[in-house]
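J.: My structure file final15.txt, compact mmCIF, C-alpha atoms, is below:
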```txt
# COMPACT_ATOMS: atom_id res chain seq x y z
CA MET A 280 34.26 104.12 211.20
CA SER A 281 33.09 103.19 207.80
CA THR A 282 30.42 100.65 207.19
CA VAL A 283 30.87 97.92 204.70
CA PRO A 284 28.19 97.95 202.06
CA ALA A 285 26.25 94.74 201.76
CA THR A 286 26.33 93.07 198.42
CA SER A 287 23.27 93.22 196.25
CA GLU A 288 23.16 89.43 196.45
CA SER A 289 22.69 89.55 200.20
CA HIS A 290 19.81 92.02 199.80
CA GLU A 291 18.01 89.87 197.30
CA ALA A 292 18.46 86.56 199.04
CA PRO A 293 15.20 85.43 200.58
CA GLU A 294 15.36 85.25 204.35
CA HIS A 295 14.33 81.65 204.45
CA GLU A 296 17.53 80.71 202.71
CA ALA A 297 19.71 82.45 205.27
CA PRO A 298 21.88 80.42 207.64
CA GLY A 299 19.85 78.79 210.32
CA HIS A 300 17.67 77.24 207.66
CA ASP A 301 20.21 74.81 206.35
CA GLY A 302 18.62 71.73 207.88
CA PRO A 303 16.04 69.54 206.16
CA ALA A 304 13.92 71.14 203.43
CA HIS A 305 10.73 72.90 204.55
CA PRO A 306 7.47 71.07 203.87
CA SER A 307 5.45 72.03 200.80
CA ASP A 308 2.02 73.69 201.08
CA LYS A 309 0.37 70.32 200.52
CA GLN A 310 2.41 68.79 203.33
CA TYR A 311 1.45 71.68 205.64
CA VAL A 312 -2.22 70.96 204.94
CA MET A 313 -1.62 67.26 205.64
CA ILE A 314 0.02 68.16 208.95
CA GLY A 315 -3.01 70.31 209.77
CA LEU A 316 -5.33 67.39 209.03
CA ILE A 317 -3.25 65.11 211.27
CA LEU A 318 -3.58 67.70 214.05
CA GLY A 319 -7.35 67.77 213.46
CA LEU A 320 -7.48 63.98 213.65
CA LEU A 321 -5.54 63.97 216.93
CA THR A 322 -8.01 66.54 218.31
CA LEU A 323 -10.87 64.26 217.28
CA ILE A 324 -9.24 61.35 219.15
CA GLU A 325 -8.80 63.59 222.20
CA VAL A 326 -12.47 64.55 222.20
CA GLY A 327 -13.43 60.88 221.71
CA LEU A 328 -11.35 59.96 224.77
CA TYR A 329 -13.35 62.47 226.80
CA TYR A 330 -16.47 60.38 226.19
CA VAL A 331 -14.87 56.90 226.23
CA ASP A 332 -13.62 55.66 229.57
CA ILE A 333 -10.42 53.63 229.27
CA GLY A 334 -9.68 53.83 232.97
CA ALA A 335 -6.40 55.13 234.28
CA LEU A 336 -5.05 55.45 230.75
CA ASN A 337 -7.47 58.28 229.93
CA ASN A 338 -5.46 61.13 231.40
CA THR A 339 -2.10 59.70 230.31
CA THR A 340 -3.29 59.31 226.72
CA LEU A 341 -4.79 62.80 226.68
CA ILE A 342 -1.53 64.33 227.94
CA LEU A 343 0.47 62.27 225.44
CA LEU A 344 -1.73 63.43 222.57
CA ALA A 345 -1.37 67.06 223.68
CA VAL A 346 2.43 66.66 223.80
CA ILE A 347 2.42 65.16 220.28
CA LYS A 348 0.28 68.03 218.93
CA PHE A 349 2.50 70.58 220.67
CA ALA A 350 5.62 68.96 219.22
CA ILE A 351 4.16 68.83 215.68
CA VAL A 352 3.23 72.53 215.71
CA ALA A 353 6.60 73.55 217.19
CA ALA A 354 8.63 71.34 214.84
CA PHE A 355 6.84 71.97 211.54
CA PHE A 356 4.84 75.20 211.79
CA MET A 357 7.33 77.03 214.01
CA HIS A 358 10.18 75.48 211.97
CA LEU A 359 12.17 74.31 214.99
CA ARG A 360 12.99 71.14 213.05
CA PHE A 361 14.58 73.19 210.29
CA ASP A 362 15.99 76.24 212.09
CA ASN A 363 19.21 76.89 213.94
CA PRO A 364 19.47 74.65 217.06
CA ILE A 365 20.04 77.76 219.19
CA LEU A 366 16.37 78.63 218.81
CA ARG A 367 15.31 75.14 219.83
CA ARG A 368 17.48 75.36 222.94
CA LEU A 369 16.08 78.77 223.80
CA PHE A 370 12.48 77.56 223.63
CA VAL A 371 13.07 74.18 225.26
CA THR A 372 14.90 75.93 228.11
CA GLY A 373 11.81 78.09 228.70
CA ILE A 374 9.52 75.06 228.68
CA VAL A 375 11.72 72.91 230.91
CA LEU A 376 12.19 75.82 233.33
CA ALA A 377 8.43 76.45 233.41
CA ILE A 378 7.56 72.79 233.95
CA SER A 379 10.21 72.36 236.66
CA VAL A 380 9.28 75.53 238.53
CA TYR A 381 5.55 74.84 238.43
CA MET A 382 5.86 71.17 239.36
CA VAL A 383 7.71 72.28 242.49
CA TYR A 384 5.07 74.97 243.03
CA LEU A 385 2.19 72.50 242.71
CA VAL A 386 3.79 69.82 244.87
CA THR A 387 4.75 72.34 247.55
CA LEU A 388 1.30 73.90 247.74
CA GLY A 389 -0.55 70.59 247.54
CA ALA A 390 -2.24 70.67 244.16
CA TYR A 391 -5.28 68.65 243.23
CA ILE A 392 -4.27 65.22 241.97
CA PRO A 393 -6.89 63.50 239.81
CA GLY A 394 -7.89 60.27 241.52
CA GLY A 395 -5.66 61.11 244.48
CA MET B 18 82.80 100.38 208.13
CA THR B 19 80.18 98.54 206.24
CA THR B 20 77.49 100.21 204.31
CA VAL B 21 73.96 99.00 204.49
CA GLU B 22 72.23 98.81 201.22
CA ALA B 23 68.80 100.18 201.29
CA THR B 24 66.23 97.63 200.31
CA ALA B 25 63.65 98.50 197.76
CA PRO B 26 60.39 99.56 199.38
CA ALA B 27 57.69 96.94 199.20
CA PRO B 28 55.04 97.62 196.61
CA PRO B 29 51.79 98.88 198.10
CA ALA B 30 49.26 96.16 198.80
CA PRO B 31 46.42 96.05 196.29
CA PRO B 32 43.16 97.36 197.65
CA GLN B 33 41.17 94.51 199.11
CA ALA B 34 37.54 94.03 198.26
CA PRO B 35 35.30 94.50 201.27
CA GLU B 36 34.32 91.21 202.86
CA PRO B 37 30.62 90.65 202.92
CA HIS B 38 28.96 90.41 206.28
CA GLY B 39 28.36 86.80 207.12
CA ASP B 40 27.87 84.50 204.21
CA HIS B 41 25.22 84.54 201.52
CA GLY B 42 22.78 86.95 203.07
CA ALA B 43 23.52 86.03 206.66
CA HIS B 44 22.44 88.43 209.36
CA VAL B 45 25.30 90.34 210.94
CA THR B 46 25.13 88.59 214.29
CA ASN B 47 27.32 86.03 216.03
CA THR B 48 24.72 83.35 215.47
CA GLY B 49 23.72 84.22 211.91
CA ILE B 50 20.13 84.60 213.13
CA SER B 51 18.51 88.03 213.13
CA ASN B 52 18.17 89.76 216.48
CA GLU B 53 14.42 90.10 215.96
CA LYS B 54 13.96 86.37 215.58
CA VAL B 55 16.09 85.55 218.63
CA ALA B 56 14.16 88.18 220.58
CA MET B 57 10.82 86.60 219.59
CA TRP B 58 12.01 83.15 220.67
CA ALA B 59 13.30 84.53 223.98
CA PHE B 60 9.94 86.26 224.44
CA LEU B 61 8.09 83.01 223.72
CA GLY B 62 10.33 81.22 226.23
CA SER B 63 9.28 83.78 228.85
CA GLU B 64 5.64 83.39 227.81
CA CYS B 65 5.94 79.70 228.73
CA LEU B 66 6.55 80.87 232.29
CA LEU B 67 3.56 83.24 232.21
CA PHE B 68 1.11 80.63 230.96
CA GLY B 69 2.76 77.99 233.16
CA ALA B 70 1.93 80.16 236.17
CA LEU B 71 -1.69 80.59 235.08
CA ILE B 72 -2.22 76.90 234.30
CA SER B 73 -0.55 75.86 237.57
CA THR B 74 -2.78 78.22 239.52
CA TYR B 75 -5.85 76.71 237.86
CA LEU B 76 -4.63 73.21 238.79
CA LEU B 77 -3.78 74.32 242.32
CA TYR B 78 -7.36 75.42 242.94
CA LYS B 79 -9.03 72.67 240.94
CA GLY B 80 -11.68 70.87 242.99
CA LYS B 81 -11.44 73.41 245.82
CA SER B 82 -14.44 75.55 244.93
CA ASP B 83 -17.53 75.76 247.09
CA PRO B 84 -19.73 72.85 245.86
CA ASP B 85 -22.80 75.11 245.95
CA THR B 86 -21.29 77.32 243.22
CA PRO B 87 -21.04 76.42 239.49
CA GLN B 88 -18.49 73.67 238.79
CA PRO B 89 -16.48 73.01 235.59
CA SER B 90 -18.27 69.72 234.85
CA GLU B 91 -21.63 71.52 234.85
CA LEU B 92 -20.51 74.34 232.58
CA PHE B 93 -18.07 73.05 229.98
CA ASP B 94 -19.54 72.35 226.56
CA ILE B 95 -16.89 70.03 225.12
CA PRO B 96 -18.25 69.70 221.54
CA TYR B 97 -18.46 73.51 221.29
CA THR B 98 -14.94 74.06 222.66
CA SER B 99 -13.61 71.27 220.42
CA VAL B 100 -14.83 73.13 217.35
CA SER B 101 -13.16 76.33 218.64
CA SER B 102 -9.92 74.39 219.18
CA PHE B 103 -10.09 72.97 215.67
CA VAL B 104 -10.63 76.48 214.27
CA LEU B 105 -7.53 77.75 216.07
CA LEU B 106 -5.49 74.76 214.88
CA MET B 107 -6.52 75.42 211.29
CA SER B 108 -5.50 79.07 211.68
CA SER B 109 -1.95 77.80 212.24
CA VAL B 110 -2.13 76.02 208.88
CA THR B 111 -3.28 79.19 207.09
CA MET B 112 -0.54 81.17 208.88
CA VAL B 113 2.18 78.86 207.64
CA LEU B 114 0.66 79.03 204.13
CA ALA B 115 0.92 82.84 204.35
CA LEU B 116 4.62 82.50 205.16
CA SER B 117 5.07 80.11 202.26
CA ALA B 118 3.33 82.61 199.95
CA ILE B 119 5.58 85.55 200.87
CA GLN B 120 8.67 83.37 200.53
CA ARG B 121 7.57 82.73 196.93
CA GLY B 122 6.91 86.45 196.47
CA ASP B 123 3.16 85.90 196.04
CA GLY B 124 1.70 89.02 197.71
CA LYS B 125 -1.90 88.27 196.75
CA ARG B 126 -1.95 84.84 198.37
CA LEU B 127 -0.09 86.27 201.36
CA ARG B 128 -2.97 88.70 201.97
CA ILE B 129 -5.57 85.98 201.42
CA TRP B 130 -3.95 83.62 203.93
CA LEU B 131 -3.26 86.37 206.48
CA THR B 132 -6.88 87.53 206.28
CA THR B 133 -8.11 83.94 206.60
CA THR B 134 -5.90 83.45 209.66
CA ALA B 135 -7.23 86.66 211.22
CA LEU B 136 -10.83 85.57 210.50
CA LEU B 137 -10.26 82.14 212.05
CA GLY B 138 -8.69 83.84 215.08
CA ALA B 139 -11.68 86.20 215.29
CA SER B 140 -14.04 83.20 215.15
CA PHE B 141 -12.16 81.66 218.05
CA ILE B 142 -12.44 84.89 220.05
CA ALA B 143 -16.15 85.17 219.20
CA GLY B 144 -16.59 81.62 220.50
CA GLN B 145 -14.74 82.50 223.67
CA ILE B 146 -16.88 85.60 224.25
CA TYR B 147 -20.01 83.47 223.77
CA GLU B 148 -18.66 80.89 226.22
CA PHE B 149 -17.85 83.56 228.82
CA THR B 150 -21.32 85.06 228.42
CA ALA B 151 -22.94 81.64 228.86
CA PHE B 152 -20.91 81.02 232.03
CA VAL B 153 -21.88 84.39 233.47
CA ARG B 154 -25.55 83.59 232.74
CA GLU B 155 -25.07 80.33 234.67
CA GLY B 156 -23.85 82.34 237.65
CA LEU B 157 -20.08 82.03 237.25
CA ASN B 158 -17.99 85.19 237.19
CA LEU B 159 -14.51 86.25 238.19
CA SER B 160 -15.34 86.38 241.91
CA THR B 161 -17.85 83.52 242.27
CA ASN B 162 -15.28 80.92 243.32
CA VAL B 163 -11.63 79.99 242.76
CA PHE B 164 -12.55 78.04 239.64
CA GLY B 165 -14.12 81.18 238.12
CA SER B 166 -11.14 83.36 239.07
CA SER B 167 -8.47 81.02 237.74
CA PHE B 168 -10.46 79.99 234.64
CA PHE B 169 -11.35 83.51 233.50
CA VAL B 170 -7.84 84.84 234.14
CA LEU B 171 -6.17 81.97 232.26
CA THR B 172 -8.47 81.84 229.23
CA GLY B 173 -8.86 85.63 229.27
CA PHE B 174 -5.08 86.11 229.05
CA HIS B 175 -4.98 83.65 226.18
CA GLY B 176 -7.82 85.49 224.46
CA VAL B 177 -5.95 88.79 224.79
CA HIS B 178 -2.93 87.15 223.15
CA VAL B 179 -5.07 85.93 220.25
CA THR B 180 -6.63 89.39 219.89
CA LEU B 181 -3.20 91.03 219.73
CA GLY B 182 -2.22 88.46 217.12
CA ILE B 183 -5.27 89.38 215.02
CA VAL B 184 -4.30 93.07 215.21
CA MET B 185 -0.77 92.14 214.13
CA LEU B 186 -2.08 90.07 211.19
CA LEU B 187 -4.41 92.80 209.97
CA SER B 188 -1.56 95.33 210.18
CA MET B 189 0.47 93.07 207.95
CA VAL B 190 -2.37 92.73 205.45
CA THR B 191 -2.46 96.54 205.29
CA LEU B 192 1.33 96.79 204.89
CA SER B 193 1.26 94.19 202.14
CA ALA B 194 -1.59 95.96 200.32
CA ARG B 195 0.49 99.16 200.38
CA GLY B 196 3.45 97.29 198.90
CA LYS B 197 5.56 97.60 202.02
CA LEU B 198 5.81 93.89 202.71
CA GLY B 199 7.74 92.32 199.88
CA GLN B 200 9.49 89.02 199.57
CA GLU B 201 12.64 90.45 201.19
CA ARG B 202 10.66 90.95 204.42
CA ALA B 203 9.49 87.34 204.70
CA GLU B 204 11.10 87.12 208.12
CA THR B 205 8.61 89.68 209.47
CA ILE B 206 5.82 87.25 208.61
CA GLU B 207 7.83 84.36 210.03
CA ILE B 208 8.23 86.18 213.36
CA ALA B 209 4.53 87.09 213.50
CA GLY B 210 3.81 83.45 212.65
CA LEU B 211 5.93 82.27 215.57
CA TYR B 212 3.74 84.32 217.92
CA TRP B 213 0.56 82.99 216.31
CA HIS B 214 1.68 79.35 216.50
CA PHE B 215 2.66 79.89 220.11
CA VAL B 216 -0.85 80.98 221.11
CA ASP B 217 -2.04 77.85 219.29
CA VAL B 218 0.26 75.51 221.24
CA VAL B 219 -0.76 77.18 224.50
CA TRP B 220 -4.38 76.44 223.62
CA ILE B 221 -3.48 72.80 222.89
CA VAL B 222 -2.31 72.56 226.51
CA ILE B 223 -5.25 74.54 227.93
CA PHE B 224 -7.81 72.48 226.01
CA THR B 225 -6.42 69.21 227.35
CA VAL B 226 -5.59 70.23 230.91
CA ILE B 227 -8.58 72.46 231.62
CA TYR B 228 -11.37 71.04 229.49
CA LEU B 229 -10.67 67.37 228.75
CA ILE B 230 -9.00 66.05 231.90
CA PRO B 231 -11.75 65.69 234.49
```
Could you quickly redo this structure as structure tokens?
T.:
Amino acid sequence: MSTVPATSESHEAPEHEAPGHDGPAHPSDKQYVMIGLILGLLTLIEVGLYYVDIGALNNTTLILLAVIKFAIVAAFFMHLRFDNPILRRLFVTGIVLAISVYMVYLVTLGAYIPGG
Amino acid sequence: MTTVEATAPAPPAPPQAPEPHGDHGAHVTNTGISNEKVAMWAFLGSECLLFGALISTYLLYKGKSDPDTPQPSELFDIPYTSVSSFVLLMSSVTMVLALSAIQRGDGKRLRIWLTTTALLGASFIAGQIYEFTAFVREGLNLSTNVFGSSFFVLTGFHGVHVTLGIVMLLSMVTLSARGKLGQERAETIEIAGLYWHFVDVVWIVIFTVIYLIP
């Protein structure tokens, strides 16, 4: 069985222009730095919340901030916002499966509940 | 009896040009995504389960240690760990700048950003080693109580992941310096970057759940 030679064009095309990257344009270097600064700011707010007591909202806000930081890194730095949706599904499936399995695990085995 | 006239044989079909695989540099897969990249994402999906198990175990045993043994609230140094977390977050920025550099074909900046990322990762690991040493001095080790066991296993596993990432980054710096990591291999950096960003997002969760939530 003969193999079909790839065109020189396909060899020279940068990988980031291959299919799966046909969504929104990737951020520029400056935008990446801005995203990094936003992440740093969110971390600062998190640390501030450790010292400031806002009652029952403390833990909820901390978890929300962690979710936002997680989503920013996954969407922009890991390019899930720009890549083929298959990759997003693959990763989200892993996360949802992990959260579901371990919620059942914690509830079944009687985990520590803050304030509970 | 009728005679059948022979029809003229059809002219031979002109040779067809070979069809390119995929379109415009696509990978020869059903999805158009390289197998290596799909494999990395599948691996990261499975890593969610690994770290999920370790974090859940920590939460399961939280508050169940012998009160006479060292407790998290007595040991954690939040300002110190916050700086470590910030360092790891910034290493994600330098990693993505390394990817951007190789996509432009800028090998020099690629090596600069990869080395910076590795140094930031090494700073994080140095901080973790210092933290572990301080905890051991305070009387907490792997077998002191369930907090010590679950904490050291969770953060230790994360530290091993960061260390492997540093090795991977330094290997790529070497490959690039030898001219074996050109613009056409940008996806190799992208895949290494995925791993690096993943250890960063895991730390985002660990920092909040283990250190910040009382």
J.: Suppose you want the space between CA of Ala209 in chain B and CA of Ala56 in chain B; what is it in Å?
T.: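 If I compute the distance from CA of Ala209 in chain B to CA of Ala56 in chain B, I get 12.0 Å.
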J.: Name all residues at most 6 Å from range 190-201 of chain B (count all atoms listed in the file; drop same-chain ones fewer than 2 positions away) and give them as a PyMOL selection string.
T.: (chain A and resi 293) or (chain B and resi 119-120+122+128+187-188+203)
J.: Please list as a VMD selection string every residue within 9 Å of Glu148 in chain B, counting only C-alpha atoms and excluding residues in the same chain fewer than 6 positions away.
T.: chain B and resid 93 to 94 97 to 98
J.: Please list as an MDAnalysis selection string every residue within 7 Å of Val312 in chain A, counting all atoms listed in the file and excluding residues in the same chain fewer than 4 positions away.
T.: (chainID A and resid 308 316) or (chainID B and resid 110)
J.: Rank B:Leu116, B:Ile142, B:Gly124, B:Glu53 by their smallest atom-to-atom distance to Glu207 in chain B, using only C-alpha atoms, and report the top residue only.
T.: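 Comparing B:Leu116, B:Ile142, B:Gly124, B:Glu53 against Glu207 in chain B, the winner is B:Leu116.
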J.: In Å, with one decimal, what is the gap from CA of Asp83 in chain B to CA of Asn162 in chain B?
T.: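 About the pair CA of Asp83 in chain B and CA of Asn162 in chain B: they are 6.8 Å apart.
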J.: Give me, please, the distance in Å between CA of Ser90 in chain B and CA of Val226 in chain B, quoted to one decimal.
T.: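 Spanning CA of Ser90 in chain B to CA of Val226 in chain B is a straight-line distance of 13.3 Å.
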J.: Name the residues in contact with Ser379 in chain A at a cut-off of 12 Å, using all atoms listed in the file, excluding same-chain residues fewer than 5 positions from it; report them as a short mmCIF file (atom, residue, chain, number, x, y, z; two decimals) with C-alpha atoms, in the coordinates of the input.
T.:
```cif
data_model
loop_
_atom_site.label_atom_id
_atom_site.label_comp_id
_atom_site.auth_asym_id
_atom_site.auth_seq_id
_atom_site.Cartn_x
_atom_site.Cartn_y
_atom_site.Cartn_z
CA VAL A 371 13.07 74.18 225.26
CA THR A 372 14.90 75.93 228.11
CA GLY A 373 11.81 78.09 228.70
CA ILE A 374 9.52 75.06 228.68
CA TYR A 384 5.07 74.97 243.03
CA LEU A 385 2.19 72.50 242.71
CA VAL A 386 3.79 69.82 244.87
CA CYS B 65 5.94 79.70 228.73
CA LEU B 66 6.55 80.87 232.29
CA GLY B 69 2.76 77.99 233.16
CA ALA B 70 1.93 80.16 236.17
CA SER B 73 -0.55 75.86 237.57
#
```
J.: Given all atoms listed in the file as the basis, pick out the residue of B:Gly210, B:Val170, B:Ala143, B:Leu181 nearest to Leu67 in chain B.
T.: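 Smallest separation from Leu67 in chain B among the options: B:Val170.
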J.: Given the choices B:Leu186, B:Ala59, B:Val219, B:Ala139, which gets closest to Ile206 in chain B if the distance is worked out from all atoms listed in the file?
T.: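 Among the listed residues, the smallest separation from Ile206 in chain B belongs to B:Leu186.
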J.: Between B:Met57, B:Asn47, B:Asp85, B:Phe224, which residue has the minimum interatomic distance to Leu366 in chain A, considering all atoms listed in the file?
T.: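 Closest to Leu366 in chain A, using all atoms listed in the file: B:Met57.
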J.: Any idea what's packed within 12 Å of Val177 in chain B, counting all atoms listed in the file, ignoring anything in its chain fewer than 2 positions away? Could you give it as a list in words?
T.: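 Final neighbour list, sorted by chain and number: Gly138, Ala139, Phe141, Ile142, Gln145, Ile146, Phe169, Val170, Leu171, Thr172, Gly173, Phe174, His175, Val179, Thr180, Leu181, Gly182, Ile183, Val184 and Val216 of chain B.
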J.: Restricting the calculation to only C-alpha atoms: of B:Ser108, B:Ser160, B:Thr205, B:Ser63, which residue gets closest to Trp130 in chain B?
T.: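 Nearest to Trp130 in chain B: B:Ser108.
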J.: With distances taken over all atoms listed in the file, which of B:Leu159, B:Val153, B:Leu92, B:Ile72 is nearest to chain A?
T.: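 The closest residue to chain A is B:Ile72.
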